[in-house]
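One file, run_9.cif, is given below (mmCIF, C-alpha atoms).
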data_final
loop_
_atom_site.label_atom_id
_atom_site.label_comp_id
_atom_site.auth_asym_id
_atom_site.auth_seq_id
_atom_site.Cartn_x
_atom_site.Cartn_y
_atom_site.Cartn_z
CA MET S 24 -50.27 9.33 -21.70
CA HIS S 25 -51.50 9.31 -25.33
CA VAL S 26 -53.37 6.02 -25.63
CA PRO S 27 -52.61 4.13 -28.88
CA ASP S 28 -55.17 2.11 -30.82
CA GLY S 29 -55.59 -1.43 -29.50
CA PHE S 30 -55.30 -0.92 -25.72
CA LEU S 31 -59.05 -0.57 -25.21
CA ASP S 32 -61.79 -2.61 -26.89
CA ALA S 33 -64.29 -1.16 -29.36
CA PRO S 34 -67.24 -0.66 -26.97
CA THR S 35 -65.07 1.23 -24.46
CA SER S 36 -63.51 3.34 -27.22
CA ALA S 37 -66.99 4.10 -28.59
CA ALA S 38 -68.21 5.07 -25.11
CA THR S 39 -65.32 7.46 -24.53
CA GLY S 40 -65.98 8.80 -28.04
CA VAL S 41 -69.54 9.67 -26.99
CA VAL S 42 -68.26 11.27 -23.78
CA ALA S 43 -65.75 13.31 -25.79
CA VAL S 44 -68.32 14.51 -28.32
CA ALA S 45 -70.75 15.49 -25.54
CA ALA S 46 -68.03 17.34 -23.61
CA VAL S 47 -66.84 19.21 -26.70
CA ALA S 48 -70.45 20.20 -27.54
CA LEU S 49 -70.99 21.45 -23.98
CA SER S 50 -67.67 23.28 -24.07
CA LEU S 51 -68.54 25.00 -27.35
CA ARG S 52 -71.53 26.51 -25.53
CA GLY S 53 -69.68 27.21 -22.29
CA ALA S 54 -66.71 28.79 -24.06
CA ARG S 55 -68.92 31.54 -25.48
CA ARG S 56 -68.90 33.04 -21.99
CA GLU S 57 -65.10 32.98 -21.88
CA LEU S 58 -64.25 34.03 -25.42
CA ASP S 59 -64.56 37.50 -26.93
CA ASP S 60 -62.57 39.56 -29.43
CA ARG S 61 -59.68 39.88 -26.99
CA THR S 62 -59.60 36.41 -25.43
CA ALA S 63 -60.13 34.34 -28.61
CA PRO S 64 -56.63 34.94 -30.05
CA ARG S 65 -55.18 34.36 -26.58
CA ALA S 66 -56.90 30.96 -26.39
CA GLY S 67 -55.51 30.02 -29.80
CA LEU S 68 -52.04 30.84 -28.56
CA VAL S 69 -52.52 28.80 -25.37
CA ALA S 70 -53.59 25.76 -27.43
CA THR S 71 -50.53 26.24 -29.65
CA PHE S 72 -48.22 26.52 -26.66
CA VAL S 73 -49.66 23.34 -25.11
CA PHE S 74 -49.04 21.51 -28.41
CA ALA S 75 -45.41 22.68 -28.48
CA ALA S 76 -44.81 21.96 -24.79
CA GLN S 77 -46.21 18.43 -25.20
CA MET S 78 -43.31 17.70 -27.58
CA ILE S 79 -40.86 18.10 -24.71
CA ASN S 80 -40.62 14.82 -22.83
CA PHE S 81 -38.73 15.17 -19.58
CA PRO S 82 -37.10 12.16 -17.86
CA VAL S 83 -38.73 10.85 -14.68
CA GLY S 84 -36.38 8.24 -13.24
CA ALA S 85 -35.67 4.74 -14.49
CA GLY S 86 -36.03 4.85 -18.27
CA THR S 87 -39.36 6.65 -18.23
CA SER S 88 -40.43 10.07 -19.40
CA GLY S 89 -43.43 12.33 -19.28
CA HIS S 90 -44.59 15.56 -20.82
CA LEU S 91 -46.94 18.37 -19.94
CA MET S 92 -50.61 17.59 -20.42
CA GLY S 93 -51.62 21.20 -19.98
CA GLY S 94 -55.22 20.86 -18.82
CA ALA S 95 -54.77 22.79 -15.57
CA LEU S 96 -52.51 25.31 -17.32
CA ALA S 97 -55.03 26.07 -20.07
CA ALA S 98 -57.97 26.19 -17.64
CA VAL S 99 -56.30 28.76 -15.40
CA LEU S 100 -55.11 30.87 -18.35
CA VAL S 101 -58.26 30.92 -20.53
CA GLY S 102 -61.05 29.23 -18.53
CA PRO S 103 -62.13 25.59 -18.22
CA TRP S 104 -64.60 25.39 -21.17
CA THR S 105 -62.10 26.91 -23.55
CA ALA S 106 -59.39 24.66 -22.10
CA VAL S 107 -61.35 21.52 -23.06
CA LEU S 108 -61.49 22.89 -26.62
CA CYS S 109 -57.76 23.80 -26.57
CA LEU S 110 -56.77 20.27 -25.55
CA SER S 111 -59.22 18.71 -28.02
CA VAL S 112 -57.69 20.62 -30.93
CA VAL S 113 -54.20 19.59 -29.76
CA LEU S 114 -55.23 15.92 -29.58
CA VAL S 115 -56.96 15.95 -32.98
CA VAL S 116 -53.92 17.53 -34.66
CA GLN S 117 -51.58 15.09 -32.91
CA ALA S 118 -53.66 12.06 -33.91
CA LEU S 119 -54.27 13.08 -37.52
CA LEU S 120 -51.01 14.78 -38.40
CA MET S 121 -48.40 13.21 -36.12
CA ALA S 122 -49.86 9.72 -35.50
CA ASP S 123 -49.48 10.52 -31.78
CA GLY S 124 -52.38 8.77 -30.02
CA GLY S 125 -54.65 6.40 -31.90
CA ILE S 126 -57.57 7.33 -34.14
CA THR S 127 -60.06 4.97 -32.48
CA ALA S 128 -58.48 6.08 -29.19
CA LEU S 129 -59.12 9.76 -29.91
CA GLY S 130 -62.24 9.79 -27.73
CA THR S 131 -60.28 8.13 -24.94
CA ASN S 132 -57.46 10.65 -25.23
CA ILE S 133 -59.86 13.61 -25.28
CA THR S 134 -61.59 12.13 -22.23
CA LEU S 135 -58.34 11.62 -20.29
CA ILE S 136 -56.17 14.55 -21.38
CA GLY S 137 -58.88 16.98 -22.50
CA ILE S 138 -61.61 16.48 -19.90
CA VAL S 139 -60.20 14.81 -16.78
CA THR S 140 -57.09 16.99 -16.45
CA VAL S 141 -59.05 20.18 -17.13
CA ALA S 142 -61.91 19.28 -14.75
CA VAL S 143 -59.65 18.08 -11.92
CA GLY S 144 -57.03 20.80 -12.41
CA TRP S 145 -59.64 23.56 -12.46
CA ALA S 146 -61.62 22.14 -9.50
CA VAL S 147 -58.51 21.93 -7.32
CA PHE S 148 -57.46 25.42 -8.43
CA VAL S 149 -60.85 26.96 -7.58
CA LEU S 150 -60.92 25.20 -4.22
CA LEU S 151 -57.45 26.51 -3.34
CA ARG S 152 -58.30 30.02 -4.57
CA ARG S 153 -61.18 29.98 -2.09
CA VAL S 154 -59.13 28.92 0.94
CA LEU S 155 -55.78 30.63 0.22
CA PRO S 156 -55.20 34.34 0.95
CA LYS S 157 -56.99 36.46 -1.67
CA ARG S 158 -53.82 37.56 -3.41
CA VAL S 159 -52.81 37.39 -7.07
CA SER S 160 -49.49 35.83 -5.97
CA MET S 161 -51.46 32.73 -4.91
CA VAL S 162 -52.67 32.01 -8.47
CA ALA S 163 -49.51 30.27 -9.72
CA PRO S 164 -49.07 27.98 -6.68
CA ALA S 165 -52.78 27.05 -6.79
CA ALA S 166 -52.47 26.28 -10.52
CA ALA S 167 -49.38 24.15 -9.83
CA VAL S 168 -51.20 22.04 -7.24
CA GLY S 169 -54.14 21.63 -9.61
CA ALA S 170 -51.69 20.45 -12.28
CA LEU S 171 -50.00 18.05 -9.83
CA VAL S 172 -53.30 16.35 -8.97
CA SER S 173 -54.63 16.33 -12.55
CA VAL S 174 -52.03 13.90 -13.94
CA PRO S 175 -52.52 10.96 -11.53
CA ALA S 176 -56.28 11.62 -11.84
CA ALA S 177 -56.05 10.98 -15.59
CA ALA S 178 -53.91 7.89 -14.90
CA LEU S 179 -56.58 6.64 -12.48
CA VAL S 180 -59.34 7.09 -15.07
CA PHE S 181 -57.23 5.27 -17.69
CA THR S 182 -56.82 2.34 -15.30
CA LEU S 183 -60.58 2.26 -14.66
CA LEU S 184 -61.23 2.26 -18.42
CA PHE S 185 -58.64 -0.50 -18.86
CA SER S 186 -60.30 -2.58 -16.13
CA VAL S 187 -63.60 -2.31 -18.02
CA GLY S 188 -62.40 -2.61 -21.59
CA GLY S 189 -58.73 -3.56 -21.70
CA ASN S 190 -57.85 -5.83 -24.63
CA VAL S 191 -55.33 -7.78 -22.54
CA SER S 192 -56.07 -9.34 -19.18
CA VAL S 193 -53.26 -8.36 -16.83
CA ASP S 194 -52.91 -7.78 -13.10
CA LEU S 195 -55.02 -4.64 -12.69
CA GLY S 196 -53.65 -3.93 -9.23
CA ALA S 197 -50.14 -3.78 -10.68
CA VAL S 198 -51.36 -1.50 -13.50
CA MET S 199 -53.07 0.80 -10.98
CA THR S 200 -50.02 1.02 -8.69
CA ALA S 201 -47.59 1.62 -11.56
CA MET S 202 -49.84 4.14 -13.34
CA LEU S 203 -50.44 6.18 -10.16
CA GLY S 204 -46.80 6.02 -9.12
CA TRP S 205 -45.27 7.11 -12.41
CA HIS S 206 -47.93 9.71 -13.10
CA THR S 207 -47.50 11.28 -9.69
CA ALA S 208 -43.84 11.75 -10.64
CA ILE S 209 -44.86 13.18 -14.02
CA GLY S 210 -47.37 15.36 -12.15
CA ILE S 211 -44.47 17.05 -10.34
CA GLY S 212 -43.07 18.09 -13.73
CA GLU S 213 -46.55 19.20 -14.77
CA ALA S 214 -46.80 21.29 -11.58
CA LEU S 215 -43.39 22.92 -12.12
CA ILE S 216 -44.13 23.88 -15.75
CA THR S 217 -47.66 25.07 -14.94
CA GLY S 218 -46.45 27.11 -11.96
CA LEU S 219 -43.64 28.64 -14.01
CA VAL S 220 -45.82 29.60 -16.99
CA VAL S 221 -48.80 30.87 -14.96
CA GLY S 222 -46.40 32.70 -12.64
CA SER S 223 -44.69 34.42 -15.58
CA VAL S 224 -47.98 35.64 -17.06
CA VAL S 225 -49.32 36.71 -13.65
CA ALA S 226 -46.11 38.67 -13.05
CA THR S 227 -46.35 40.54 -16.36
CA ARG S 228 -50.07 40.77 -17.19
CA PRO S 229 -52.32 39.34 -14.41
CA ASP S 230 -55.35 40.78 -16.24
CA LEU S 231 -54.80 38.19 -19.00
CA VAL S 232 -55.14 35.25 -16.60
CA HIS S 233 -58.70 33.93 -16.43
CA GLY S 234 -58.19 32.35 -13.00
CA ALA S 235 -56.86 35.62 -11.52
CA ARG S 236 -59.85 37.70 -12.54
CA PRO S 237 -61.95 37.41 -9.33
CA LEU S 238 -58.89 38.40 -7.28
CA LEU S 239 -58.19 41.42 -9.49
CA GLU S 240 -61.80 42.58 -9.22
CA GLU S 241 -61.56 42.40 -5.43
CA ARG S 242 -58.33 44.37 -5.54
CA GLU S 243 -59.97 47.08 -7.63
CA LEU S 244 -62.82 47.36 -5.13
CA GLU S 245 -60.34 47.78 -2.31
CA LEU S 246 -58.52 50.54 -4.19
CA ARG S 247 -61.75 52.40 -4.83
CA THR S 248 -62.77 52.36 -1.16
CA GLY S 249 -59.26 53.67 -0.39
CA VAL S 250 -59.58 56.80 -2.55
CA GLY S 251 -63.19 57.49 -1.63
CA PRO S 252 -64.17 60.35 0.73
CA MET N 52 -45.78 44.44 -21.26
CA SER N 53 -48.17 45.07 -24.14
CA THR N 54 -50.52 42.29 -25.16
CA ARG N 55 -48.95 42.18 -28.61
CA ARG N 56 -45.48 41.77 -27.17
CA LEU N 57 -46.61 39.01 -24.80
CA PHE N 58 -48.24 37.22 -27.75
CA ALA N 59 -45.01 37.49 -29.71
CA VAL N 60 -43.00 36.08 -26.81
CA ALA N 61 -45.44 33.15 -26.39
CA LEU N 62 -45.34 32.38 -30.11
CA VAL N 63 -41.53 32.51 -30.27
CA VAL N 64 -41.29 30.24 -27.20
CA SER N 65 -43.74 27.77 -28.83
CA LEU N 66 -41.73 27.75 -32.08
CA LEU N 67 -38.45 27.24 -30.20
CA LEU N 68 -39.91 24.40 -28.12
CA ALA N 69 -41.36 22.59 -31.12
CA GLY N 70 -38.65 23.49 -33.62
CA VAL N 71 -35.45 23.29 -31.60
CA ALA N 72 -35.82 22.02 -28.02
CA SER N 73 -37.87 18.99 -29.07
CA TYR N 74 -34.69 17.41 -30.49
CA TYR N 75 -33.29 17.27 -26.97
CA ALA N 76 -36.44 15.84 -25.38
CA SER N 77 -36.21 12.52 -23.56
CA ALA N 78 -36.62 9.55 -25.91
CA HIS N 79 -37.60 7.20 -23.09
CA PRO N 80 -41.09 5.66 -23.24
CA ASP N 81 -43.68 7.82 -21.51
CA GLY N 82 -45.43 6.78 -18.31
CA LEU N 83 -48.20 4.80 -20.01
CA GLU N 84 -45.87 3.02 -22.49
CA TYR N 85 -43.53 2.11 -19.64
CA VAL N 86 -46.34 0.74 -17.48
CA ALA N 87 -47.71 -1.18 -20.48
CA GLU N 88 -44.30 -2.82 -20.98
CA GLN N 89 -43.87 -3.60 -17.27
CA THR N 90 -47.33 -5.07 -16.76
CA GLY N 91 -47.53 -6.82 -20.12
CA PHE N 92 -50.05 -5.10 -22.35
CA SER N 93 -47.76 -3.05 -24.60
CA ASP N 94 -48.10 -5.61 -27.44
CA ALA N 95 -51.79 -4.69 -27.76
CA ALA N 96 -50.78 -1.32 -29.23
CA GLU N 97 -51.57 -1.06 -32.94
CA ASP N 98 -50.15 1.32 -35.48
CA SER N 99 -52.33 4.35 -36.01
CA ALA N 100 -54.15 4.67 -39.33
CA THR N 101 -52.09 7.84 -39.83
CA ALA N 102 -48.76 6.09 -39.11
CA ASP N 103 -47.66 6.65 -42.71
CA SER N 104 -48.59 10.34 -42.82
CA PRO N 105 -45.78 12.74 -43.85
CA LEU N 106 -45.37 14.05 -40.29
CA ALA N 107 -45.91 10.79 -38.38
CA ASP N 108 -44.00 10.57 -35.08
CA TYR N 109 -43.01 14.23 -35.42
CA GLN N 110 -40.60 13.48 -38.27
CA THR N 111 -40.89 15.00 -41.74
CA SER N 112 -40.74 12.23 -44.33
CA GLY N 113 -38.10 12.81 -46.99
CA VAL N 114 -35.87 14.84 -44.66
CA ASP N 115 -32.92 12.76 -43.51
CA ASP N 116 -31.31 15.06 -40.95
CA ALA N 117 -33.09 14.14 -37.68
CA ARG N 118 -32.72 17.64 -36.25
CA VAL N 119 -34.24 19.31 -39.33
CA SER N 120 -36.85 16.59 -39.83
CA GLY N 121 -38.15 16.86 -36.25
CA GLY N 122 -37.84 20.63 -36.09
CA LEU N 123 -39.74 21.10 -39.33
CA ALA N 124 -42.54 18.79 -38.19
CA GLY N 125 -42.76 20.76 -34.94
CA VAL N 126 -42.90 24.13 -36.68
CA ILE N 127 -45.54 22.91 -39.14
CA GLY N 128 -47.52 21.58 -36.19
CA VAL N 129 -47.31 24.93 -34.40
CA VAL N 130 -48.53 26.80 -37.49
CA VAL N 131 -51.41 24.34 -38.03
CA MET N 132 -52.36 24.62 -34.35
CA LEU N 133 -52.31 28.41 -34.39
CA VAL N 134 -54.51 28.65 -37.48
CA LEU N 135 -56.97 25.92 -36.46
CA SER N 136 -57.41 26.87 -32.82
CA THR N 137 -57.50 30.63 -33.33
CA GLY N 138 -60.00 30.11 -36.16
CA LEU N 139 -62.18 27.90 -33.95
CA PHE N 140 -62.13 30.32 -31.03
CA TRP N 141 -62.82 33.27 -33.31
CA LEU N 142 -65.94 31.48 -34.57
CA VAL N 143 -67.06 30.43 -31.07
CA ARG N 144 -66.50 33.81 -29.36
CA ARG N 145 -69.45 35.99 -28.41
CA ARG N 146 -69.63 39.10 -30.51
CA GLU N 147 -68.95 42.39 -28.77
CA PRO N 148 -72.28 43.85 -27.55
CA ARG N 149 -71.47 47.19 -29.20
CA ASP N 150 -71.17 45.47 -32.57
CA ALA N 151 -74.45 43.63 -31.99
CA ASP N 152 -76.18 46.94 -31.28
CA ALA N 153 -74.70 48.45 -34.40
CA ASP N 154 -75.87 45.46 -36.41
CA GLN N 155 -79.37 45.80 -35.00
CA ARG N 156 -79.47 49.51 -35.76
CA ALA N 157 -78.22 48.86 -39.27
CA GLN N 158 -80.93 46.24 -39.69
CA SER N 159 -83.76 48.44 -38.39
CA GLU N 160 -82.57 51.34 -40.55
CA ALA N 161 -82.45 49.16 -43.62
#
As structure tokens, the full file:
Amino acid sequence: MHVPDGFLDAPTSAATGVVAVAAVALSLRGARRELDDRTAPRAGLVATFVFAAQMINFPVGAGTSGHLMGGALAAVLVGPWTAVLCLSVVLVVQALLMADGGITALGTNITLIGIVTVAVGWAVFVLLRRVLPKRVSMVAPAAAVGALVSVPAAALVFTLLFSVGGNVSVDLGAVMTAMLGWHTAIGIGEALITGLVVGSVVATRPDLVHGARPLLEERELELRTGVGP
Amino acid sequence: MSTRRLFAVALVVSLLLAGVASYYASAHPDGLEYVAEQTGFSDAAEDSATADSPLADYQTSGVDDARVSGGLAGVIGVVVMLVLSTGLFWLVRRREPRDADADQRAQSEA
């Protein structure tokens, strides 16, 4: 999904650049609530893992591949504000060091992969956490569904950006259909990886999972009423 | 599992993914590249300004063996990511309230 230089025109790239800068500034403030002496190193590790996992392209049918985006994964593990920062660091390192994703497209890539996947993945996760049984075992499936939805959502936003500021005039309906189709398939991979990773951490140390915290607090309250007089 | 041990596992997994498994990753175009080819806008892609950097395209320039070249780039990337992101989050984090109190006391005593 890393957008190269040249796909979008300068005004659109500048606009997504402004969106990216604003979102990172907001996230720097918001992340203060999520980060302390114990969670800061954890967030660094999550960003590092997302970088490594993004190197693993998995095949999705006819000559196409996809890789983890990691927005939903990072949001559930370390919180949504910190997740935006995690993905932003990943995208900056990829663009500057690895030439993966364009430089003028950096704002676009932060918008799509850093903001849209985190916002959509986290929103779907929180919604599911509200309606599903209040059990810690529900965290990984909810994260997986958030991940599944987040990928086509980013593809949809790319298509909208391309319809506004694409440098080539092509059949936008065809672009939309193909982008949503392929990225729904990639979203299944995203969901599997996210479910597996979140599930592993929940199974070993649920207290380290940001998205599991409200459920753990409820569980503690239940235990206390159980031992009371 | 202790936090330290879990951290170690996550770091080792990251290093193995970037340093070893990445060699076996699919080389097919990703979803966006594929759609760009199919619908006719892939030619608009321009080379990045960093396309000549020593680690461009996850290959280490000057290293001929593809497995070593890619693995090395991945490992360097992981180390850079760990230092940069942990450093950023350490700066952004809120200081422990106990420390803040101690700082205040130290200031008022001074």
If the PyMOL selection byres ((chain S and resi 193-209) around 7) is run on the structure shown, which residues does it catch, given as a list in words?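 Expected selection for the PyMOL selection byres ((chain S and resi 193-209) around 7) here is Val83, Gly89, Val174, Pro175, Ala178, Leu179, Thr182, Ser186, Val191, Ser192, Gly210, Ile211, Gly212 and Glu213 of chain S; Gly82, Leu83, Val86, Thr90 and Gly91 of chain N.
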Show me, as a ChimeraX atom specification, the residues of chain S whose atoms get within 7 Å of chain N, using all atoms listed in the file for the distance check. /S:24,27-30,51,55,58-60,63-64,66-68,70-72,75-76,78-82,86-89,109,112,119-123,125-126,190-191,193,197-198,201-202,205-206,227-228
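Pairwise distance (CA of Val139 (chain S), CA of Leu171 (chain S)) equals 12.8 Å.
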What does the distance between CA of Val168 (chain S) and CA of Trp104 (chain S) come to in Å, to one decimal place? 19.6 Å
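Between Pro164 (chain S) and the candidates S:Val42, S:Ala142, S:Leu135, S:Leu219, the tightest atom-to-atom separation, counting all atoms listed in the file, involves S:Leu219.
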Between S:Pro156, S:Gly53, S:Gly130, S:Gln117, which residue has the minimum interatomic distance to Thr39 (chain S), considering all atoms listed in the file?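 For Thr39 (chain S), the nearest of the candidates is S:Gly130.
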For CA of Leu96 (chain S) and CA of Val221 (chain S), the interatomic separation in Å (one decimal):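 Distance reported for this atom pair: 7.1 Å.
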Starting from 8 Å padding per side, set up an axis-aligned box that covers all listed atoms of region 113-116 of chain S and hand over centre and edge lengths in Å, one decimal, as lines of an AutoDock Vina configuration file.
center_x = -55.4
center_y = 17.8
center_z = -32.1
size_x = 19.0
size_y = 19.7
size_z = 21.1
